[in-house]
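Student: Once you've had a glance at the structure underneath, I'll fire off some questions.
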Amino acid sequence: MKNKKSMLLSIPLIALGFTACGGESSSADSTAAMFTEAEIASAITPDLRLNDREYFEAPGVNILAFSNPPGGLFFDAKTSGIEIIQRGERIATNGDLRLLHTPEQWDGMSQLVGRSVDREANRIETRLAYPEHDFSYRVIARAEGGKVELSVQLDAPLPQNLAGKAGFNLEFLPASYFGKAFLMDGQGGLLPRHPGGGMQVDDDGRTQPLPLASGRKLVLSPEDPVHRVAIRALSGDSQLMLFDGRNKAQNGWFVVRSLIPAGSAGEVMRWELDVQADPDWIRQPVLGYSQAGYHPAQPKQAVIELDRNDKPHNRARLLKIEADGKKSTAMEAATYPWGDYLRYQYLTFDFSSVTQPGLYQIEYGKQLSAPFPINATVHANTWQPTLDIFLPVQMDHMEVREAYRVWHGRSHLDDALQAPADYEHFDLYAHGTETDTKFKPFEHIPGLDIGGWYDAGDYDIRTQSQYHTVRDLVHAWEEFGLDRDNTTISQQKRSVQMHRPDGVPDMLQQIEHGTLALIAQHRAVGHAIPGIVAAHLYQYPHLGDGSTKTDNRIYKPALDPFAGERQVGKMYLPSTVAPSPEQRVLNTDGEHSGEFDDRWAFTTNSSALNYGSAAALAAASRALRGYNKQLADECLSTARHVWQYEQQREPNLYHYGNTTGGRLEEEQLAAAVELLITTQDEQYSAAIRELLPQVRDRFAFNAATLAQAVPLMDEDFRKNIQPLVRAHREQIREFEQENPYGVPITRGGWAGAGSVVNFGNTNYWLHKHFPHIIEKDLVFRSLDYILGRHPGSNLSLVSGVGAESKLVAYGSNRADFSFIPGGIVPGVLILPPDLPENKENWPFFWGQNEYVITVGASYIFLANAVQALLQGEDV
């Protein structure tokens with residue numbers, strides 16, 4: 001007798017319950033009953049084939065093999081190895097040989113040596129290595145039918161030190177499997193919502209998770225085809241182990257792992273990977289529009305994102321919602337094909353002609369958008385949560401209270417110890433041979449425990465972020481007169497209370513807070529510094545209340561019996577492992593302690609940083625003049641001094657990561673423009689003229705700064721700028737041809753919401769001074785993008801703003817799968833080769849979901865720029 005599978009393949013479609021007219025057949029009930037639903041689905045699963053973008057594809061399934069090199073931005077970005085995209089969502093990543101059961105972010109990863117694609121054989125071979133272990137290997141992915149075989153090939157056996165440690169891992173996104181089951185060799189279990197499973201301590205003193213299950217065949221989500229994945233171990237006596245990586249770190253994933261056998265070469269591991277496809281699956285359309293709504297005079301165009309196999313509808317409707325809930329058609333119009341971008345096709349639906357104030361929805365096919373308003377005040381308050389909530393939450397050295405809730409206590413009152421020379425920190429800070437201060441390594445630097453915002457979700461005080469934020473806040477204050485007062489801020493009491501006015505505009509108090517951190521550096525060491533950051537990896541990923549990250553007491557070696565061992569590379573520095581109870585020192589005299597937990601200050605006297613800091617101080621002096629005259633005077637005096645100092649010395653060009661300032665000529669230009677606006681001193685206008693030839697090749701990055709100088713420069717300067725503005729407008733046409741949103745969508749490891757905001761702000765300044773070249777719409781479209789008209793989804797990228805917004809994000813409360821109102825996430829990350837992604841259920845992707853203060857400040861400017869351009873417009 002034939003086996004069941006061959007019988008199944010020979011059964012006509014009518015016997016499987018299908019008829020030509022789409023009805024059900026009863027004559028085949030007894031035959032079809034012989035086969036399970038899973039067997040039927042398996043038999044009709046389409047073949048996986050390599051497409052022209054070099055990944056395996058079937059309806060509803062993509063399997064990538066090292067489309068991106070291992071590592072990525074900030075080391076393990078979880079965007080490499082074998083990856084699975086199922087029903088349009090990436091559910092698995094990092095399929096590669098790893099040295100721990102559940103590696104953390106800075107644990108060892110391979111390096112890509114080479115990758116070859118054989119379309120005829122339906123095969124991708126990737127060559128990788130661990131140079132530090134003198135070890136190389138190959139990962140081969142080959143599709144046959146609806147499955148992919150993965151194998152690891154070694155030219156020589158594992159090095160002895162990797163025996164029992166090296167294994168092939170594939171990581172599955174926990175949020176995709178919350179509440180779902182698994183089968184391991186037929187034995188069922190539930191995947192835990194909160195980290196589950198036991199732990200053990202290995203010979204190196206590290207904790208390691210115990211497997212949730214072990215066996216030869218694992219099926220994840222057998223009950224749900226949307227996430228069903230089966231893995232079968234095909235080699236020897238190899239076992240699959242299922243781990244929960246969240247026991248080690250909140251951003252850990254579920255890990256399926258097979259150890260590599262010691263003493264073997266050739267093929268040492270082989271898996272069969274079976275991902276549930278669906279011949280009929282078509283991704284639901286995404287209606288991209290501003291979740292916050294529109295001003296009547298504003299252009300209004302929805303962008304409709306469609307699966308490449310979807311059949312577009314040629315019309316869409318705008319519905320008006322009445323007070324009684326009834327809906328009427330405000331407009332019905334054609335949708336226009338825009339073309340293809342990345343993996344999708346796009347339509348546009350223009351409803352700019354609708355100007356009547358009211359509440360509306362977009363209807364496309366069977367889909368209905370969330371409600372949104374059209375009225376003249378739509379953009380009047382979309383920036384307020386950023387000022388009212390997000391920036392206060394980020395304020396370091398303060399207790400921040402919101403009614404019954406305390407966001408955090410007074411943090412980092414022990415700032416900061418001098419970082420040592422010749423040291424590279426894991427978060428892009430470093431020192432060369434000099435630290436450029438009088439302080440000895442690990443000596444306390446007094447006076448830095450004031451002002452500043454947590455740069456992002458990691459609590460560091462990155463000077464570049466601080467001065468960019470101050471400048472943008474000053475520009476918004478001066479340009480739009482934002483006198484909103486909704487927060488009580490007391491520097492003397494180190495206290496912030498939200499929703500409690502204190503009679504002072506909040507913008508001034510935020511400008512003051514950032515300025516205090518900048519001026520403190522000049523007071524303490526005589527120049528700007530790269531910043532202040534947690535020294536130890538075990539401290540760095542701290543989640544929750546910033547006041548619990550250190551003991552808030554200044555480190556004193558006399559109280560520390562381990563003081564002699566506090567050297568780079570010794571003890572627990574910079575280990576991911578927290579000090580043991582024996583290593584922790586709780587000795588204290590009240591103000592000081594022997595706890596070596598204070599942050600470190602990196603103090604290089606970089607010329608670029610000095611100019612950038614001087615620019616912000618000069619700008620702040622204008623805003624603070626009528627509020628804190630003493631600080632305003634000190635800021636301007638310091639900015640002038642920095643300018644003279646840098647003009648008289650050879651520039652210090654030390655550069656490392658993104659912490660030592662931008663390009664020297666661009667930071668100098670910013671300082672010259674801000675000092676010119678503040679003082680009208682001719683020496684600064686002369687400097688601007690001299691710098692123009694040096695910055696013109698990167699005009700887009702310097703256009704806003706140059707435009708602000710135009711009113712104070714001569715007519716020749718305007719004439720020299722004008723052709724650059726025209727070229728800038730022509731460059732924008734490239735964006736308009738590349739994507740349907742007409743904005744720059746970046747392709748790096750950090751998504752581009754900040755670039756889109758800066759694009760809008762730049763065009764605001766250029767429109768203000770060159771309105772015949774740069775149109776208002778270039779400003780409006782940036783805000784539309786941020787508020788929901790972007791690829792991948794239609795969520796507003798500003799948490800809490802708009803009907804549907806980012807409510808799971810990478811802030812200090814990310815472990816709670818929560819958000820900070822008014823924070824702006826980086827947004828849509830383009831994962832090579834063609835997937836726009838912004839995870840809505842997983843906050844730990846920093847490149848997609850991490851708030852930063854710079855974008856918060858520049859967004860405040862953008863929202864008010866749009867409102868200012870529309871205010872008083874005729875409809």
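Here's how to read the names in the structure tokens: chain A, B, ... by the order shown, residue numbers from 1 in each chain, ligand numbers from 1 in the order shown.
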Set the distance at 8 Å and use only C-alpha atoms: which residues neighbour Leu173 of chain A once local chain neighbours fewer than 2 positions away are removed? I'd like the list as number ranges by chain.

Tutor: A: 91-92, 171, 175-177, 253-254

Student: Quick one: DSSP helix (DSSP H, G or I) residues in segment 521-622 of chain A, as a PyMOL selection string?

Tutor: chain A and resi 521-525+546-548+557-559+563-565+607-622

Student: Could I get the residues of segment 766-841 of chain A with an atom no further than 10 Å from an atom of segment 46-55 of chain A, each paired with its nearest atom pair and that distance in Å to one decimal, using only C-alpha atoms, sorted by chain and residue number, as a tab-separated table?

Tutor:
```
residue	atom	partner	partner_atom	distance
A:Pro832	CA	A:Arg53	CA	9.3
A:Pro833	CA	A:Arg53	CA	6.7
A:Asp834	CA	A:Arg53	CA	8.2
```

Student: Go ahead and write the residues just picked, all heavy atoms, as a PDB file, in the first residue's frame.

Tutor:
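Wrote it out as part36.pdb, contents follow:
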```
ATOM      1  N   PRO A 832      17.991  44.599   5.403  1.00  0.00           N
ATOM      2  CA  PRO A 832      18.388  44.066   4.101  1.00  0.00           C
ATOM      3  C   PRO A 832      17.791  42.686   3.866  1.00  0.00           C
ATOM      4  O   PRO A 832      17.728  41.874   4.785  1.00  0.00           O
ATOM      5  CB  PRO A 832      19.916  43.984   4.201  1.00  0.00           C
ATOM      6  CG  PRO A 832      20.270  45.018   5.233  1.00  0.00           C
ATOM      7  CD  PRO A 832      19.150  44.962   6.225  1.00  0.00           C
ATOM      8  N   PRO A 833      17.342  42.407   2.647  1.00  0.00           N
ATOM      9  CA  PRO A 833      17.440  43.371   1.539  1.00  0.00           C
ATOM     10  C   PRO A 833      16.234  44.288   1.358  1.00  0.00           C
ATOM     11  O   PRO A 833      16.352  45.303   0.679  1.00  0.00           O
ATOM     12  CB  PRO A 833      17.588  42.448   0.327  1.00  0.00           C
ATOM     13  CG  PRO A 833      16.821  41.232   0.697  1.00  0.00           C
ATOM     14  CD  PRO A 833      16.997  41.050   2.178  1.00  0.00           C
ATOM     15  N   ASP A 834      15.059  43.966   1.978  1.00  0.00           N
ATOM     16  CA  ASP A 834      13.876  44.713   1.547  1.00  0.00           C
ATOM     17  C   ASP A 834      12.731  44.777   2.548  1.00  0.00           C
ATOM     18  O   ASP A 834      11.607  45.079   2.164  1.00  0.00           O
ATOM     19  CB  ASP A 834      13.342  44.093   0.248  1.00  0.00           C
ATOM     20  CG  ASP A 834      12.896  42.641   0.410  1.00  0.00           C
ATOM     21  OD1 ASP A 834      13.016  42.086   1.516  1.00  0.00           O
ATOM     22  OD2 ASP A 834      12.424  42.051  -0.589  1.00  0.00           O
TER      23      ASP A 834
END
```

Student: Excluding same-chain residues fewer than 3 positions from Ala639 of chain A, what lies within 8 Å of it counting only C-alpha atoms, as JSON, numbers by chain?

Tutor: {"A": [613, 614, 615, 617, 618, 635, 636, 642, 643, 675]}

Student: Residues of the last selection are to be written out with all heavy atoms, as a short mmCIF file (atom, residue, chain, number, x, y, z; two decimals), in the first residue's frame.

Tutor:
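In the end it all went to again32.cif:
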```cif
data_model
loop_
_atom_site.label_atom_id
_atom_site.label_comp_id
_atom_site.auth_asym_id
_atom_site.auth_seq_id
_atom_site.Cartn_x
_atom_site.Cartn_y
_atom_site.Cartn_z
N SER A 613 29.68 72.66 21.80
CA SER A 613 29.22 73.13 23.10
C SER A 613 29.09 74.64 23.11
O SER A 613 28.11 75.20 23.64
CB SER A 613 30.21 72.67 24.18
OG SER A 613 29.86 73.16 25.44
N ALA A 614 30.05 75.35 22.51
CA ALA A 614 30.01 76.82 22.47
C ALA A 614 28.78 77.30 21.70
O ALA A 614 28.16 78.31 22.08
CB ALA A 614 31.28 77.36 21.83
N ALA A 615 28.42 76.60 20.64
CA ALA A 615 27.23 76.98 19.88
C ALA A 615 25.99 76.94 20.75
O ALA A 615 25.17 77.87 20.75
CB ALA A 615 27.06 76.05 18.67
N LEU A 617 25.88 77.01 24.08
CA LEU A 617 25.97 78.00 25.16
C LEU A 617 25.64 79.40 24.66
O LEU A 617 24.96 80.18 25.34
CB LEU A 617 27.37 77.97 25.78
CG LEU A 617 27.72 76.69 26.55
CD1 LEU A 617 29.19 76.71 26.98
CD2 LEU A 617 26.81 76.53 27.77
N ALA A 618 26.11 79.74 23.46
CA ALA A 618 25.78 81.05 22.90
C ALA A 618 24.29 81.18 22.66
O ALA A 618 23.67 82.22 22.96
CB ALA A 618 26.55 81.26 21.60
N CYS A 635 27.36 81.74 30.16
CA CYS A 635 27.30 80.97 28.91
C CYS A 635 27.95 81.74 27.77
O CYS A 635 28.76 81.19 27.00
CB CYS A 635 25.86 80.65 28.56
SG CYS A 635 25.11 79.39 29.59
N LEU A 636 27.59 83.01 27.62
CA LEU A 636 28.14 83.79 26.52
C LEU A 636 29.63 84.00 26.70
O LEU A 636 30.41 83.88 25.74
CB LEU A 636 27.41 85.13 26.41
CG LEU A 636 27.88 86.03 25.26
CD1 LEU A 636 27.81 85.30 23.92
CD2 LEU A 636 27.06 87.32 25.22
N VAL A 642 35.81 79.95 24.39
CA VAL A 642 36.08 78.73 23.63
C VAL A 642 36.46 79.08 22.20
O VAL A 642 37.40 78.50 21.63
CB VAL A 642 34.84 77.79 23.65
CG1 VAL A 642 34.99 76.66 22.63
CG2 VAL A 642 34.65 77.21 25.04
N TRP A 643 35.74 80.02 21.59
CA TRP A 643 36.04 80.42 20.21
C TRP A 643 37.48 80.92 20.10
O TRP A 643 38.24 80.50 19.22
CB TRP A 643 35.06 81.49 19.74
CG TRP A 643 35.33 81.94 18.33
CD1 TRP A 643 36.13 82.97 17.93
CD2 TRP A 643 34.83 81.33 17.14
NE1 TRP A 643 36.16 83.06 16.56
CE2 TRP A 643 35.37 82.06 16.05
CE3 TRP A 643 33.98 80.25 16.88
CZ2 TRP A 643 35.08 81.75 14.72
CZ3 TRP A 643 33.69 79.94 15.56
CH2 TRP A 643 34.24 80.67 14.50
N LEU A 675 27.06 82.52 17.67
CA LEU A 675 27.73 83.69 18.24
C LEU A 675 27.40 84.95 17.43
O LEU A 675 27.25 86.04 18.00
CB LEU A 675 29.24 83.47 18.29
CG LEU A 675 29.71 82.59 19.46
CD1 LEU A 675 31.13 82.07 19.22
CD2 LEU A 675 29.65 83.38 20.77
#
```

Student: List every residue of segment 239-383 of chain A that DSSP, applied to the backbone, labels as strand (DSSP E), and write the result as a PyMOL selection string.

Tutor: chain A and resi 240-244+254-259+266-275+286-288+301-307+315-321+327-334+336-341+344-350+358-364+367-368+372-374

Student: Rounded to one decimal place, report the atom CA of Ser110 of chain A-atom CA of His133 of chain A distance in Å.

Tutor: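 About the pair atom CA of Ser110 of chain A and atom CA of His133 of chain A: they are 10.3 Å apart.
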
Student: Name the closest residue to Asp458 of chain A among the candidates A:Tyr810, A:Tyr627, A:Phe390, A:Trp106; distances are taken between atoms, counting only C-alpha atoms.

Tutor: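 Of A:Tyr810, A:Tyr627, A:Phe390, A:Trp106, the one nearest Asp458 of chain A, counting only C-alpha atoms, is A:Tyr810.
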
Student: Env of Gly823 of chain A: 7 Å cut, atoms = only C-alpha atoms, seq-sep filter 6 positions within chain, self excluded. Answer as a list in words.

Tutor: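 The filter keeps Thr386, Phe390, Val798, Ser799, Tyr851 and Gly856 of chain A.
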
Student: Could you tell me how far atom CA of Asp598 of chain A lies from atom CA of His412 of chain A, in Å and to one decimal?

Tutor: 7.6 Å

Student: Please provide the set of residues having any atom within 12 Å of Gln722 of chain A, restricted to only C-alpha atoms, with same-chain residues fewer than 2 positions apart removed, written as a list in words.

Tutor: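 Final neighbour list, sorted by chain and number: Arg696, Phe699, Ala703, Leu706, Ala707, Val710, Glu715, Asp716, Phe717, Arg718, Lys719, Asn720, Leu724, Val725, Arg726, Ala727, His728, Arg729, Leu766, His767, His769, Phe770, Pro771, His772, Ile773 and Ile774 of chain A.
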
Student: The selected residues should be written to file as a tab-separated table (two decimals), in the first residue's frame (atoms: N, CA, C and O atoms).

Tutor:
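Contents of again35.tsv, as written:
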```
chain	number	residue	atom	x	y	z
A	696	ARG	N	29.89	73.26	1.88
A	696	ARG	CA	28.89	73.27	0.80
A	696	ARG	C	28.64	71.88	0.23
A	696	ARG	O	27.55	71.59	-0.25
A	699	PHE	N	25.72	70.25	2.04
A	699	PHE	CA	24.80	71.36	2.28
A	699	PHE	C	23.58	70.92	3.07
A	699	PHE	O	23.12	71.63	3.97
A	703	ALA	N	22.39	73.19	6.02
A	703	ALA	CA	21.53	74.20	5.41
A	703	ALA	C	20.76	74.99	6.45
A	703	ALA	O	20.61	76.22	6.32
A	706	LEU	N	23.11	77.50	8.06
A	706	LEU	CA	23.45	78.58	7.11
A	706	LEU	C	22.25	79.49	6.88
A	706	LEU	O	22.41	80.72	6.79
A	707	ALA	N	21.06	78.92	6.79
A	707	ALA	CA	19.87	79.74	6.56
A	707	ALA	C	19.62	80.70	7.71
A	707	ALA	O	19.18	81.85	7.49
A	710	VAL	N	21.55	83.88	7.25
A	710	VAL	CA	21.27	84.72	6.08
A	710	VAL	C	20.86	86.15	6.44
A	710	VAL	O	21.39	87.12	5.87
A	715	GLU	N	24.49	90.54	0.97
A	715	GLU	CA	23.75	90.02	-0.18
A	715	GLU	C	24.57	89.00	-0.96
A	715	GLU	O	24.02	88.06	-1.54
A	716	ASP	N	25.88	89.15	-0.99
A	716	ASP	CA	26.72	88.17	-1.69
A	716	ASP	C	26.58	86.79	-1.06
A	716	ASP	O	26.60	85.77	-1.77
A	717	PHE	N	26.46	86.75	0.25
A	717	PHE	CA	26.30	85.46	0.92
A	717	PHE	C	24.99	84.80	0.48
A	717	PHE	O	24.96	83.61	0.15
A	718	ARG	N	23.92	85.58	0.43
A	718	ARG	CA	22.64	85.03	-0.03
A	718	ARG	C	22.77	84.50	-1.46
A	718	ARG	O	22.25	83.42	-1.78
A	719	LYS	N	23.44	85.24	-2.31
A	719	LYS	CA	23.61	84.81	-3.70
A	719	LYS	C	24.42	83.53	-3.79
A	719	LYS	O	24.17	82.68	-4.67
A	720	ASN	N	25.39	83.36	-2.90
A	720	ASN	CA	26.19	82.14	-2.89
A	720	ASN	C	25.41	80.94	-2.37
A	720	ASN	O	25.67	79.80	-2.78
A	724	LEU	N	22.91	76.56	-4.03
A	724	LEU	CA	22.96	75.38	-3.18
A	724	LEU	C	21.55	74.96	-2.77
A	724	LEU	O	21.25	73.76	-2.68
A	725	VAL	N	20.69	75.94	-2.55
A	725	VAL	CA	19.31	75.63	-2.21
A	725	VAL	C	18.61	74.98	-3.40
A	725	VAL	O	17.86	74.02	-3.25
A	726	ARG	N	18.89	75.49	-4.60
A	726	ARG	CA	18.28	74.88	-5.79
A	726	ARG	C	18.75	73.44	-5.98
A	726	ARG	O	17.97	72.55	-6.32
A	727	ALA	N	20.03	73.21	-5.76
A	727	ALA	CA	20.56	71.85	-5.89
A	727	ALA	C	19.95	70.93	-4.83
A	727	ALA	O	19.69	69.75	-5.08
A	728	HIS	N	19.72	71.49	-3.64
A	728	HIS	CA	19.07	70.73	-2.56
A	728	HIS	C	17.67	70.30	-2.98
A	728	HIS	O	17.27	69.15	-2.77
A	729	ARG	N	16.93	71.22	-3.64
A	729	ARG	CA	15.58	70.86	-4.09
A	729	ARG	C	15.62	69.77	-5.16
A	729	ARG	O	14.77	68.87	-5.20
A	766	LEU	N	14.82	76.89	5.05
A	766	LEU	CA	15.06	77.26	3.66
A	766	LEU	C	13.83	77.91	3.04
A	766	LEU	O	13.95	78.86	2.26
A	767	HIS	N	12.65	77.39	3.37
A	767	HIS	CA	11.42	78.02	2.87
A	767	HIS	C	11.30	79.45	3.41
A	767	HIS	O	10.87	80.36	2.68
A	769	HIS	N	13.55	81.61	4.00
A	769	HIS	CA	14.45	82.57	3.35
A	769	HIS	C	14.49	82.41	1.83
A	769	HIS	O	14.94	83.34	1.14
A	770	PHE	N	14.01	81.26	1.32
A	770	PHE	CA	13.99	81.04	-0.13
A	770	PHE	C	12.67	80.39	-0.52
A	770	PHE	O	12.62	79.28	-1.07
A	771	PRO	N	11.55	81.07	-0.27
A	771	PRO	CA	10.23	80.46	-0.50
A	771	PRO	C	9.95	80.17	-1.96
A	771	PRO	O	9.10	79.33	-2.27
A	772	HIS	N	10.65	80.82	-2.88
A	772	HIS	CA	10.45	80.58	-4.30
A	772	HIS	C	11.12	79.28	-4.76
A	772	HIS	O	10.89	78.85	-5.89
A	773	ILE	N	11.92	78.67	-3.87
A	773	ILE	CA	12.62	77.43	-4.23
A	773	ILE	C	12.10	76.24	-3.42
A	773	ILE	O	11.85	75.16	-3.96
A	774	ILE	N	11.91	76.46	-2.13
A	774	ILE	CA	11.51	75.38	-1.23
A	774	ILE	C	10.07	75.60	-0.80
A	774	ILE	O	9.75	76.60	-0.15
```

Student: So that I can see what lies close to segment 151-156 of chain A, please list as a PyMOL selection string the residues with an atom at most 12 Å from it, counting only C-alpha atoms and leaving out residues fewer than 3 positions away in the same chain.

Tutor: chain A and resi 65+82+95-98+123-129+134-143+148+159-160+166-169+232-235+258-273

Student: For atom CA of Met109 of chain A and atom CA of Asp427 of chain A, quote the distance in Å rounded to one decimal.

Tutor: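 Pair atom CA of Met109 of chain A / atom CA of Asp427 of chain A returns 17.1 Å.
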
Student: Considering only C-alpha atoms, state which residue in the set A:Gly612, A:Gly186, A:Gly81, A:Gly590 is at the smallest distance from Thr469 of chain A.

Tutor: A:Gly612

Student: When you look at Leu778 of chain A with a cut-off of 9 Å (counting only C-alpha atoms), what residues show up, excluding the ones that are within fewer than 5 positions of it in the same chain? I need them as a ChimeraX atom specification.

Tutor: /A:742-743,759-760,763-764,767

Student: Restricting it to N, CA and C atoms, dump the selection as a tab-separated table (two decimals), in the first residue's frame.

Tutor:
```tsv
chain	number	residue	atom	x	y	z
A	742	GLY	N	8.32	60.71	-0.20
A	742	GLY	CA	9.01	61.93	-0.58
A	742	GLY	C	9.96	62.47	0.46
A	743	VAL	N	10.46	61.59	1.35
A	743	VAL	CA	11.41	61.99	2.39
A	743	VAL	C	12.59	61.03	2.35
A	759	PHE	N	15.03	66.80	8.15
A	759	PHE	CA	14.68	67.15	6.78
A	759	PHE	C	13.57	68.20	6.78
A	760	GLY	N	12.54	67.98	7.59
A	760	GLY	CA	11.46	68.96	7.67
A	760	GLY	C	11.91	70.28	8.23
A	763	ASN	N	13.98	72.24	5.76
A	763	ASN	CA	13.15	72.84	4.72
A	763	ASN	C	12.32	74.00	5.25
A	764	TYR	N	12.02	73.99	6.55
A	764	TYR	CA	11.35	75.15	7.13
A	764	TYR	C	12.25	76.38	7.02
A	767	HIS	N	12.65	77.39	3.37
A	767	HIS	CA	11.42	78.02	2.87
A	767	HIS	C	11.30	79.45	3.41
```

Student: Identify which of the residues A:Pro501, A:Gly872, A:Gly452, A:Pro211 lies closest to Leu518 of chain A, counting only C-alpha atoms when measuring atom-to-atom distances.

Tutor: A:Gly452

Student: For Ala416 of chain A, which residue among A:Phe56, A:Tyr611, A:Phe439, A:Tyr454 is the nearest when counting only C-alpha atoms?

Tutor: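 Between A:Phe56, A:Tyr611, A:Phe439, A:Tyr454, the residue approaching Ala416 of chain A most closely is A:Phe439.
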
Student: Here is a test: counting only C-alpha atoms, which residue of A:Tyr346, A:Phe819, A:Tyr289, A:Tyr294 is nearest to Ala370 of chain A?

Tutor: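 Of A:Tyr346, A:Phe819, A:Tyr289, A:Tyr294, the one nearest Ala370 of chain A, counting only C-alpha atoms, is A:Tyr289.
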